[in-house]
Amino acid sequence: MKCVVGVDLERRSSSVIDLLGRLQFAIDETVLLHVTEPIQLSLPYSAYGMFVETDEIRSTLRKSGEKVLVEASEEAYPLNLHPKTELSEGFPTSTISDYAKQAHAKLIAVTSTVRSTIGAVFGGSVARGLAISACQSLLVSREDVLPDEPLRVVFATDQSPYCAECAKLLVDFAPKGIAHMTLLTVHERAKHEGRLSLLRHTNTTAALDEAQANITVRGEEIAQWLSQNGIPTQSRVVTGSVDEMIHKVMKETHADLLIVGSQGHGFVDRVLVGSTSLHQVICERYPVLLLRPRTCA
């Protein structure tokens, strides 16, 4: 498997390199990619011309990019990430996505800030853009390096066929660094209760109880399959709203990483389409792995 890591001048990428190393995915090659953005001067060129030439600015930025790539490679090498470096020019989101597609990479990894940093090269805007537009799976780390302890993970699922594909993809990634994973299924009982109440001749309580029982059984089956395939997993079914339950379970389990499928129906669709996905990727302090089993054509 090939992975592309976005490396920024501010060295925030150290966090995602560390997380990649600790997950111990079956990575054959990690491309450390730094993107030098086009020079955009806020004043007319003539106001700068007397002080510095744009070619000099561009040269300085390239040298800085080369330096951080060397440093990132030194970090990635002892983590068995098999790094190589690439320097490119363009806009980060599209350049990273296009490079990953051309290289047939299955995973993109970047570090995202959790504060509003206007103009940050690898801040929330790039993570948001990649979450929306990239066709590869996406690992979004945070600036803080995680404590040096075994990784605990929450895998949020709606038990749909698409999420089954996501589970298979995760097994294909062969993460050896996950000590424990909670398979989280949220049963939005109150929402479904309102819908069922509109139907005549339906015992709403009995229908919801049966659905809860089926969800519980299926969750146990998926958790057992994941455990048999090398990822220690325990199923957990909770009732409530998706946003609140993700946050609550992440906190209760002291999880280091949230895993979700990147598209689908029901629960996963709510997580990854619209404001909820932007909240998870940009605003929450925990890292997020978006799984995309159906990659670029």
# chains A, B, ... in the order shown; residues from 1 in each chain; ligands from 1
call {"tool": "residues_around", "arguments": {"residues": "Ile215 (chain A)", "least_positions_apart": "6", "cutoff": "8 Å", "atoms": "only C-alpha atoms", "output": "PyMOL selection string"}}
result
chain A and resi 159+185+237
call {"tool": "write_last_selection", "arguments": {"atoms": "N, CA and C atoms", "output": "mmCIF file, in the first residue's frame"}}
result
data_model
loop_
_atom_site.group_PDB
_atom_site.id
_atom_site.type_symbol
_atom_site.label_atom_id
_atom_site.label_comp_id
_atom_site.auth_asym_id
_atom_site.auth_seq_id
_atom_site.Cartn_x
_atom_site.Cartn_y
_atom_site.Cartn_z
ATOM 1 N N GLN A 159 -23.784 -0.463 10.166
ATOM 2 C CA GLN A 159 -23.984 -1.872 9.833
ATOM 3 C C GLN A 159 -24.519 -2.066 8.415
ATOM 4 N N THR A 185 -22.304 1.407 17.258
ATOM 5 C CA THR A 185 -23.522 1.557 16.464
ATOM 6 C C THR A 185 -24.495 2.409 17.262
ATOM 7 N N VAL A 237 -23.576 -0.879 21.385
ATOM 8 C CA VAL A 237 -24.762 -0.262 20.800
ATOM 9 C C VAL A 237 -25.325 0.727 21.799
#
call {"tool": "select_by_dssp", "arguments": {"residues": "region 53-173 of chain A", "states": "strand (DSSP E or B)", "output": "list in words"}}
result
Pro83, Lys84, Thr85, Glu86, Leu87, Ser88, Glu89, Leu107, Ile108, Ala109, Val110, Thr111, Ser137, Leu138, Leu139, Val140, Ser141, Leu151, Arg152, Val153, Val154, Phe155, Ala156 and Thr157 of chain A
call {"tool": "write_last_selection", "arguments": {"atoms": "N, CA, C and O atoms", "output": "mmCIF file, in the first residue's frame"}}
result
data_model
loop_
_atom_site.group_PDB
_atom_site.id
_atom_site.type_symbol
_atom_site.label_atom_id
_atom_site.label_comp_id
_atom_site.auth_asym_id
_atom_site.auth_seq_id
_atom_site.Cartn_x
_atom_site.Cartn_y
_atom_site.Cartn_z
ATOM 1 N N PRO A 83 9.914 5.982 3.567
ATOM 2 C CA PRO A 83 9.615 7.299 2.979
ATOM 3 C C PRO A 83 10.420 7.626 1.727
ATOM 4 O O PRO A 83 11.547 7.172 1.543
ATOM 5 N N LYS A 84 9.799 8.415 0.860
ATOM 6 C CA LYS A 84 10.472 9.112 -0.217
ATOM 7 C C LYS A 84 9.881 10.519 -0.250
ATOM 8 O O LYS A 84 8.769 10.732 0.244
ATOM 9 N N THR A 85 10.604 11.469 -0.767
ATOM 10 C CA THR A 85 10.157 12.858 -0.707
ATOM 11 C C THR A 85 9.836 13.406 -2.091
ATOM 12 O O THR A 85 10.457 13.018 -3.082
ATOM 13 N N GLU A 86 8.861 14.305 -2.127
ATOM 14 C CA GLU A 86 8.472 14.977 -3.366
ATOM 15 C C GLU A 86 8.164 16.437 -3.047
ATOM 16 O O GLU A 86 7.517 16.740 -2.046
ATOM 17 N N LEU A 87 8.632 17.330 -3.925
ATOM 18 C CA LEU A 87 8.355 18.752 -3.803
ATOM 19 C C LEU A 87 7.542 19.172 -5.013
ATOM 20 O O LEU A 87 7.908 18.866 -6.153
ATOM 21 N N SER A 88 6.430 19.849 -4.771
ATOM 22 C CA SER A 88 5.562 20.241 -5.872
ATOM 23 C C SER A 88 5.084 21.670 -5.663
ATOM 24 O O SER A 88 5.255 22.249 -4.581
ATOM 25 N N GLU A 89 4.486 22.244 -6.695
ATOM 26 C CA GLU A 89 3.923 23.587 -6.621
ATOM 27 C C GLU A 89 2.456 23.532 -6.994
ATOM 28 O O GLU A 89 2.054 22.762 -7.860
ATOM 29 N N LEU A 107 -4.156 5.896 0.600
ATOM 30 C CA LEU A 107 -4.342 6.680 1.817
ATOM 31 C C LEU A 107 -3.622 8.016 1.705
ATOM 32 O O LEU A 107 -2.488 8.080 1.232
ATOM 33 N N ILE A 108 -4.308 9.082 2.128
ATOM 34 C CA ILE A 108 -3.716 10.408 2.275
ATOM 35 C C ILE A 108 -3.711 10.721 3.766
ATOM 36 O O ILE A 108 -4.675 10.414 4.478
ATOM 37 N N ALA A 109 -2.631 11.324 4.253
ATOM 38 C CA ALA A 109 -2.539 11.662 5.675
ATOM 39 C C ALA A 109 -2.073 13.107 5.840
ATOM 40 O O ALA A 109 -1.080 13.510 5.228
ATOM 41 N N VAL A 110 -2.810 13.887 6.625
ATOM 42 C CA VAL A 110 -2.440 15.276 6.898
ATOM 43 C C VAL A 110 -2.714 15.586 8.364
ATOM 44 O O VAL A 110 -3.446 14.871 9.049
ATOM 45 N N THR A 111 -2.115 16.656 8.835
ATOM 46 C CA THR A 111 -2.408 17.164 10.173
ATOM 47 C C THR A 111 -3.278 18.399 10.039
ATOM 48 O O THR A 111 -2.987 19.279 9.229
ATOM 49 N N SER A 137 -8.805 7.064 0.967
ATOM 50 C CA SER A 137 -9.039 7.145 2.405
ATOM 51 C C SER A 137 -8.186 8.272 2.964
ATOM 52 O O SER A 137 -7.131 8.611 2.415
ATOM 53 N N LEU A 138 -8.640 8.876 4.057
ATOM 54 C CA LEU A 138 -7.986 10.069 4.594
ATOM 55 C C LEU A 138 -7.783 9.945 6.093
ATOM 56 O O LEU A 138 -8.733 9.721 6.843
ATOM 57 N N LEU A 139 -6.530 10.088 6.519
ATOM 58 C CA LEU A 139 -6.202 10.123 7.946
ATOM 59 C C LEU A 139 -5.904 11.564 8.325
ATOM 60 O O LEU A 139 -5.007 12.190 7.766
ATOM 61 N N VAL A 140 -6.676 12.096 9.271
ATOM 62 C CA VAL A 140 -6.505 13.475 9.731
ATOM 63 C C VAL A 140 -6.055 13.447 11.179
ATOM 64 O O VAL A 140 -6.816 13.061 12.071
ATOM 65 N N SER A 141 -4.811 13.835 11.404
ATOM 66 C CA SER A 141 -4.276 13.902 12.759
ATOM 67 C C SER A 141 -4.442 15.320 13.301
ATOM 68 O O SER A 141 -4.844 16.230 12.582
ATOM 69 N N LEU A 151 -2.806 2.181 21.170
ATOM 70 C CA LEU A 151 -3.884 2.957 20.562
ATOM 71 C C LEU A 151 -5.244 2.317 20.825
ATOM 72 O O LEU A 151 -5.436 1.111 20.669
ATOM 73 N N ARG A 152 -6.191 3.161 21.217
ATOM 74 C CA ARG A 152 -7.579 2.759 21.390
ATOM 75 C C ARG A 152 -8.404 3.494 20.340
ATOM 76 O O ARG A 152 -8.241 4.699 20.141
ATOM 77 N N VAL A 153 -9.309 2.777 19.696
ATOM 78 C CA VAL A 153 -10.006 3.300 18.524
ATOM 79 C C VAL A 153 -11.506 3.071 18.653
ATOM 80 O O VAL A 153 -11.945 2.076 19.239
ATOM 81 N N VAL A 154 -12.285 4.002 18.104
ATOM 82 C CA VAL A 154 -13.728 3.823 17.944
ATOM 83 C C VAL A 154 -14.024 3.764 16.454
ATOM 84 O O VAL A 154 -13.632 4.652 15.697
ATOM 85 N N PHE A 155 -14.690 2.688 16.019
ATOM 86 C CA PHE A 155 -15.104 2.537 14.628
ATOM 87 C C PHE A 155 -16.618 2.698 14.599
ATOM 88 O O PHE A 155 -17.357 1.832 15.043
ATOM 89 N N ALA A 156 -17.098 3.825 14.079
ATOM 90 C CA ALA A 156 -18.525 4.108 14.033
ATOM 91 C C ALA A 156 -19.127 3.506 12.768
ATOM 92 O O ALA A 156 -18.650 3.747 11.663
ATOM 93 N N THR A 157 -20.174 2.719 12.930
ATOM 94 C CA THR A 157 -20.776 2.012 11.799
ATOM 95 C C THR A 157 -22.295 2.081 11.865
ATOM 96 O O THR A 157 -22.877 2.218 12.940
#
call {"tool": "atom_distance", "arguments": {"atom1": "CA of Pro92 (chain A)", "atom2": "CA of Pro175 (chain A)"}}
result
27.4 Å
call {"tool": "residues_around", "arguments": {"residues": "Thr239 (chain A)", "least_positions_apart": "5", "cutoff": "6 Å", "atoms": "only C-alpha atoms", "output": "list in words"}}
result
Val186, His187 and Glu188 of chain A
call {"tool": "residues_around", "arguments": {"residues": "Met250 (chain A)", "least_positions_apart": "5", "cutoff": "12 Å", "atoms": "only C-alpha atoms", "output": "mmCIF file with C-alpha atoms, in the first residue's frame"}}
result
data_model
loop_
_atom_site.group_PDB
_atom_site.id
_atom_site.type_symbol
_atom_site.label_atom_id
_atom_site.label_comp_id
_atom_site.auth_asym_id
_atom_site.auth_seq_id
_atom_site.Cartn_x
_atom_site.Cartn_y
_atom_site.Cartn_z
ATOM 1 C CA ARG A 152 -7.579 2.759 21.390
ATOM 2 C CA VAL A 153 -10.006 3.300 18.524
ATOM 3 C CA VAL A 154 -13.728 3.823 17.944
ATOM 4 C CA PHE A 155 -15.104 2.537 14.628
ATOM 5 C CA ALA A 156 -18.525 4.108 14.033
ATOM 6 C CA MET A 181 -11.350 -1.070 19.031
ATOM 7 C CA THR A 182 -14.920 -0.237 19.993
ATOM 8 C CA LEU A 183 -17.390 -0.935 17.195
ATOM 9 C CA LEU A 184 -19.990 1.766 17.815
ATOM 10 C CA ARG A 236 -21.214 -1.353 21.659
ATOM 11 C CA ASP A 243 -23.148 13.602 17.222
ATOM 12 C CA GLU A 244 -23.595 13.349 20.974
ATOM 13 C CA MET A 245 -22.915 9.612 21.104
ATOM 14 C CA ALA A 255 -10.058 6.648 22.290
ATOM 15 C CA ASP A 256 -7.178 8.081 20.284
ATOM 16 C CA LEU A 257 -8.817 7.789 16.859
ATOM 17 C CA LEU A 258 -12.292 7.804 15.298
ATOM 18 C CA ILE A 259 -12.831 5.655 12.196
ATOM 19 C CA GLN A 280 -15.557 15.799 13.015
ATOM 20 C CA GLU A 284 -12.888 17.898 17.183
ATOM 21 C CA ARG A 285 -9.579 17.353 18.925
ATOM 22 C CA TYR A 286 -9.330 13.640 18.185
ATOM 23 C CA PRO A 287 -7.844 12.293 14.933
ATOM 24 C CA VAL A 288 -10.196 10.867 12.300
#
call {"tool": "residues_around", "arguments": {"residues": "Cys135 (chain A)", "least_positions_apart": "6", "cutoff": "10 Å", "atoms": "only C-alpha atoms", "output": "VMD selection string"}}
result
chain A and resid 97 to 98 100 to 101 105 to 108 262 291 to 297
call {"tool": "write_last_selection", "arguments": {"atoms": "N, CA and C atoms", "output": "short mmCIF file (atom, residue, chain, number, x, y, z; two decimals), in the first residue's frame"}}
result
data_model
loop_
_atom_site.label_atom_id
_atom_site.label_comp_id
_atom_site.auth_asym_id
_atom_site.auth_seq_id
_atom_site.Cartn_x
_atom_site.Cartn_y
_atom_site.Cartn_z
N SER A 97 -4.40 15.67 -3.72
CA SER A 97 -5.39 14.73 -4.25
C SER A 97 -4.98 14.20 -5.61
N ASP A 98 -4.52 15.08 -6.50
CA ASP A 98 -4.11 14.65 -7.84
C ASP A 98 -2.88 13.75 -7.79
N ALA A 100 -1.92 11.82 -5.30
CA ALA A 100 -2.30 10.53 -4.74
C ALA A 100 -3.02 9.67 -5.78
N LYS A 101 -3.84 10.30 -6.59
CA LYS A 101 -4.56 9.57 -7.64
C LYS A 101 -3.59 9.02 -8.68
N ALA A 105 -2.23 5.80 -4.78
CA ALA A 105 -2.17 5.69 -3.32
C ALA A 105 -3.55 5.36 -2.77
N LYS A 106 -3.60 4.61 -1.70
CA LYS A 106 -4.86 4.27 -1.06
C LYS A 106 -5.17 5.16 0.14
N LEU A 107 -4.16 5.90 0.60
CA LEU A 107 -4.34 6.68 1.82
C LEU A 107 -3.62 8.02 1.71
N ILE A 108 -4.31 9.08 2.13
CA ILE A 108 -3.72 10.41 2.27
C ILE A 108 -3.71 10.72 3.77
N SER A 262 -16.65 6.82 4.51
CA SER A 262 -16.73 8.15 3.92
C SER A 262 -18.03 8.43 3.20
N LEU A 291 -12.57 6.10 5.84
CA LEU A 291 -12.29 4.97 4.97
C LEU A 291 -13.10 5.07 3.68
N ARG A 292 -12.40 4.88 2.57
CA ARG A 292 -13.05 4.92 1.26
C ARG A 292 -12.69 3.65 0.50
N PRO A 293 -13.49 2.60 0.59
CA PRO A 293 -13.17 1.36 -0.12
C PRO A 293 -13.25 1.50 -1.63
N ARG A 294 -14.10 2.42 -2.10
CA ARG A 294 -14.24 2.63 -3.54
C ARG A 294 -13.41 3.83 -3.94
N THR A 295 -12.19 3.58 -4.36
CA THR A 295 -11.24 4.66 -4.64
C THR A 295 -11.38 5.12 -6.08
N CYS A 296 -10.34 5.85 -6.54
CA CYS A 296 -10.38 6.49 -7.85
C CYS A 296 -10.53 5.47 -8.96
N ALA A 297 -11.28 5.87 -10.00
CA ALA A 297 -11.46 5.02 -11.17
C ALA A 297 -10.16 5.01 -11.98
#
call {"tool": "select_by_dssp", "arguments": {"residues": "region 30-260 of chain A", "states": "helix (DSSP H, G or I)", "output": "JSON, numbers by chain"}}
result
{"A": [45, 46, 47, 48, 49, 54, 55, 56, 57, 58, 59, 60, 61, 62, 63, 64, 65, 66, 67, 68, 69, 70, 71, 72, 73, 74, 75, 76, 77, 78, 79, 92, 93, 94, 95, 96, 97, 98, 99, 100, 101, 102, 124, 125, 126, 127, 128, 129, 130, 131, 132, 133, 161, 162, 163, 164, 165, 166, 167, 168, 169, 170, 171, 172, 173, 189, 190, 191, 192, 193, 194, 195, 196, 204, 205, 206, 207, 208, 209, 210, 211, 212, 213, 214, 215, 216, 217, 218, 219, 220, 221, 222, 223, 224, 225, 226, 227, 228, 242, 243, 244, 245, 246, 247, 248, 249, 250, 251, 252]}
call {"tool": "residues_around", "arguments": {"residues": "Cys166 (chain A)", "least_positions_apart": "2", "cutoff": "7 Å", "atoms": "only C-alpha atoms", "output": "list in words"}}
result
Tyr162, Cys163, Ala164, Lys168, Leu169, Leu170, Gly261, Leu291, Arg292 and Pro293 of chain A
call {"tool": "write_last_selection", "arguments": {"atoms": "N, CA, C and O atoms", "output": "PDB file, in the first residue's frame"}}
result
ATOM      1  N   TYR A 162     -22.119  -0.998   2.856  1.00  0.00           N
ATOM      2  CA  TYR A 162     -20.966  -0.138   2.592  1.00  0.00           C
ATOM      3  C   TYR A 162     -20.006  -0.153   3.784  1.00  0.00           C
ATOM      4  O   TYR A 162     -18.783  -0.190   3.609  1.00  0.00           O
ATOM      5  N   CYS A 163     -20.538  -0.129   4.976  1.00  0.00           N
ATOM      6  CA  CYS A 163     -19.671  -0.172   6.160  1.00  0.00           C
ATOM      7  C   CYS A 163     -18.977  -1.528   6.276  1.00  0.00           C
ATOM      8  O   CYS A 163     -17.878  -1.614   6.828  1.00  0.00           O
ATOM      9  N   ALA A 164     -19.605  -2.574   5.752  1.00  0.00           N
ATOM     10  CA  ALA A 164     -18.932  -3.873   5.718  1.00  0.00           C
ATOM     11  C   ALA A 164     -17.707  -3.792   4.800  1.00  0.00           C
ATOM     12  O   ALA A 164     -16.657  -4.359   5.102  1.00  0.00           O
ATOM     13  N   LYS A 168     -13.690  -4.336   5.776  1.00  0.00           N
ATOM     14  CA  LYS A 168     -12.756  -5.162   5.002  1.00  0.00           C
ATOM     15  C   LYS A 168     -11.527  -4.352   4.605  1.00  0.00           C
ATOM     16  O   LYS A 168     -10.397  -4.869   4.611  1.00  0.00           O
ATOM     17  N   LEU A 169     -11.744  -3.076   4.245  1.00  0.00           N
ATOM     18  CA  LEU A 169     -10.611  -2.223   3.886  1.00  0.00           C
ATOM     19  C   LEU A 169      -9.688  -2.025   5.083  1.00  0.00           C
ATOM     20  O   LEU A 169      -8.460  -2.063   4.947  1.00  0.00           O
ATOM     21  N   LEU A 170     -10.275  -1.814   6.258  1.00  0.00           N
ATOM     22  CA  LEU A 170      -9.464  -1.646   7.456  1.00  0.00           C
ATOM     23  C   LEU A 170      -8.620  -2.892   7.714  1.00  0.00           C
ATOM     24  O   LEU A 170      -7.442  -2.795   8.069  1.00  0.00           O
ATOM     25  N   GLY A 261     -16.745   5.375   7.798  1.00  0.00           N
ATOM     26  CA  GLY A 261     -16.798   5.258   6.352  1.00  0.00           C
ATOM     27  C   GLY A 261     -17.080   6.620   5.747  1.00  0.00           C
ATOM     28  O   GLY A 261     -17.690   7.482   6.374  1.00  0.00           O
ATOM     29  N   LEU A 291     -12.572   6.103   5.844  1.00  0.00           N
ATOM     30  CA  LEU A 291     -12.289   4.965   4.975  1.00  0.00           C
ATOM     31  C   LEU A 291     -13.099   5.070   3.685  1.00  0.00           C
ATOM     32  O   LEU A 291     -14.307   5.310   3.716  1.00  0.00           O
ATOM     33  N   ARG A 292     -12.403   4.880   2.574  1.00  0.00           N
ATOM     34  CA  ARG A 292     -13.048   4.916   1.264  1.00  0.00           C
ATOM     35  C   ARG A 292     -12.689   3.647   0.500  1.00  0.00           C
ATOM     36  O   ARG A 292     -11.668   3.603  -0.189  1.00  0.00           O
ATOM     37  N   PRO A 293     -13.495   2.602   0.585  1.00  0.00           N
ATOM     38  CA  PRO A 293     -13.173   1.358  -0.122  1.00  0.00           C
ATOM     39  C   PRO A 293     -13.245   1.502  -1.629  1.00  0.00           C
ATOM     40  O   PRO A 293     -12.588   0.789  -2.369  1.00  0.00           O
TER      41      PRO A 293
END
call {"tool": "residues_around", "arguments": {"residues": "Ser94 (chain A)", "least_positions_apart": "6", "cutoff": "12 Å", "atoms": "only C-alpha atoms", "output": "list of chain:residue names"}}
result
A:Gly6, A:Val35, A:Glu37, A:Ser88, A:Ala100, A:Lys101, A:Ser125, A:Val126, A:Ala127, A:Arg128, A:Gly129, A:Leu130, A:Ala131, A:Ile132, A:Ser133, A:Ala134, A:Cys135
call {"tool": "write_last_selection", "arguments": {"atoms": "N, CA and C atoms", "output": "compact mmCIF listing (two decimals), in the first residue's frame"}}
result
# COMPACT_ATOMS: atom_id res chain seq x y z
N GLY A 6 0.97 14.88 3.61
CA GLY A 6 1.19 16.31 3.39
C GLY A 6 2.13 16.87 4.44
N VAL A 35 3.93 20.97 -0.72
CA VAL A 35 3.39 21.78 -1.81
C VAL A 35 3.70 23.25 -1.55
N GLU A 37 2.88 26.84 -2.40
CA GLU A 37 1.75 27.55 -2.99
C GLU A 37 2.21 28.70 -3.89
N SER A 88 6.43 19.85 -4.77
CA SER A 88 5.56 20.24 -5.87
C SER A 88 5.08 21.67 -5.66
N ALA A 100 -1.92 11.82 -5.30
CA ALA A 100 -2.30 10.53 -4.74
C ALA A 100 -3.02 9.67 -5.78
N LYS A 101 -3.84 10.30 -6.59
CA LYS A 101 -4.56 9.57 -7.64
C LYS A 101 -3.59 9.02 -8.68
N SER A 125 -8.78 23.96 6.36
CA SER A 125 -9.29 24.11 5.01
C SER A 125 -8.83 22.97 4.11
N VAL A 126 -7.58 22.52 4.25
CA VAL A 126 -7.07 21.43 3.43
C VAL A 126 -7.71 20.11 3.85
N ALA A 127 -7.80 19.86 5.14
CA ALA A 127 -8.45 18.63 5.61
C ALA A 127 -9.89 18.59 5.15
N ARG A 128 -10.57 19.71 5.24
CA ARG A 128 -11.97 19.79 4.78
C ARG A 128 -12.06 19.51 3.29
N GLY A 129 -11.16 20.13 2.52
CA GLY A 129 -11.19 19.94 1.08
C GLY A 129 -10.94 18.49 0.69
N LEU A 130 -9.98 17.85 1.35
CA LEU A 130 -9.68 16.46 1.06
C LEU A 130 -10.81 15.53 1.50
N ALA A 131 -11.45 15.85 2.62
CA ALA A 131 -12.57 15.04 3.08
C ALA A 131 -13.71 15.06 2.08
N ILE A 132 -13.87 16.18 1.40
CA ILE A 132 -14.96 16.33 0.44
C ILE A 132 -14.58 15.79 -0.94
N SER A 133 -13.36 16.09 -1.40
CA SER A 133 -13.04 15.86 -2.81
C SER A 133 -12.13 14.68 -3.10
N ALA A 134 -11.27 14.29 -2.18
CA ALA A 134 -10.32 13.21 -2.47
C ALA A 134 -11.05 11.87 -2.56
N CYS A 135 -10.54 10.98 -3.41
CA CYS A 135 -11.18 9.67 -3.55
C CYS A 135 -10.43 8.59 -2.78
call {"tool": "atom_distance", "arguments": {"atom1": "CA of Ile57 (chain A)", "atom2": "CA of Glu10 (chain A)"}}
result
17.2 Å
call {"tool": "closest_residue", "arguments": {"among": "A:Leu9, A:Val238, A:Leu23, A:Val281", "to": "Glu71 (chain A)", "atoms": "only C-alpha atoms"}}
result
A:Leu9
call {"tool": "closest_residue", "arguments": {"among": "A:Asp172, A:Glu29, A:Asp209, A:Glu252", "to": "Tyr77 (chain A)", "atoms": "only C-alpha atoms"}}
result
A:Glu29
call {"tool": "atom_distance", "arguments": {"atom1": "CA of Lys251 (chain A)", "atom2": "CA of Ile178 (chain A)"}}
result
17.1 Å
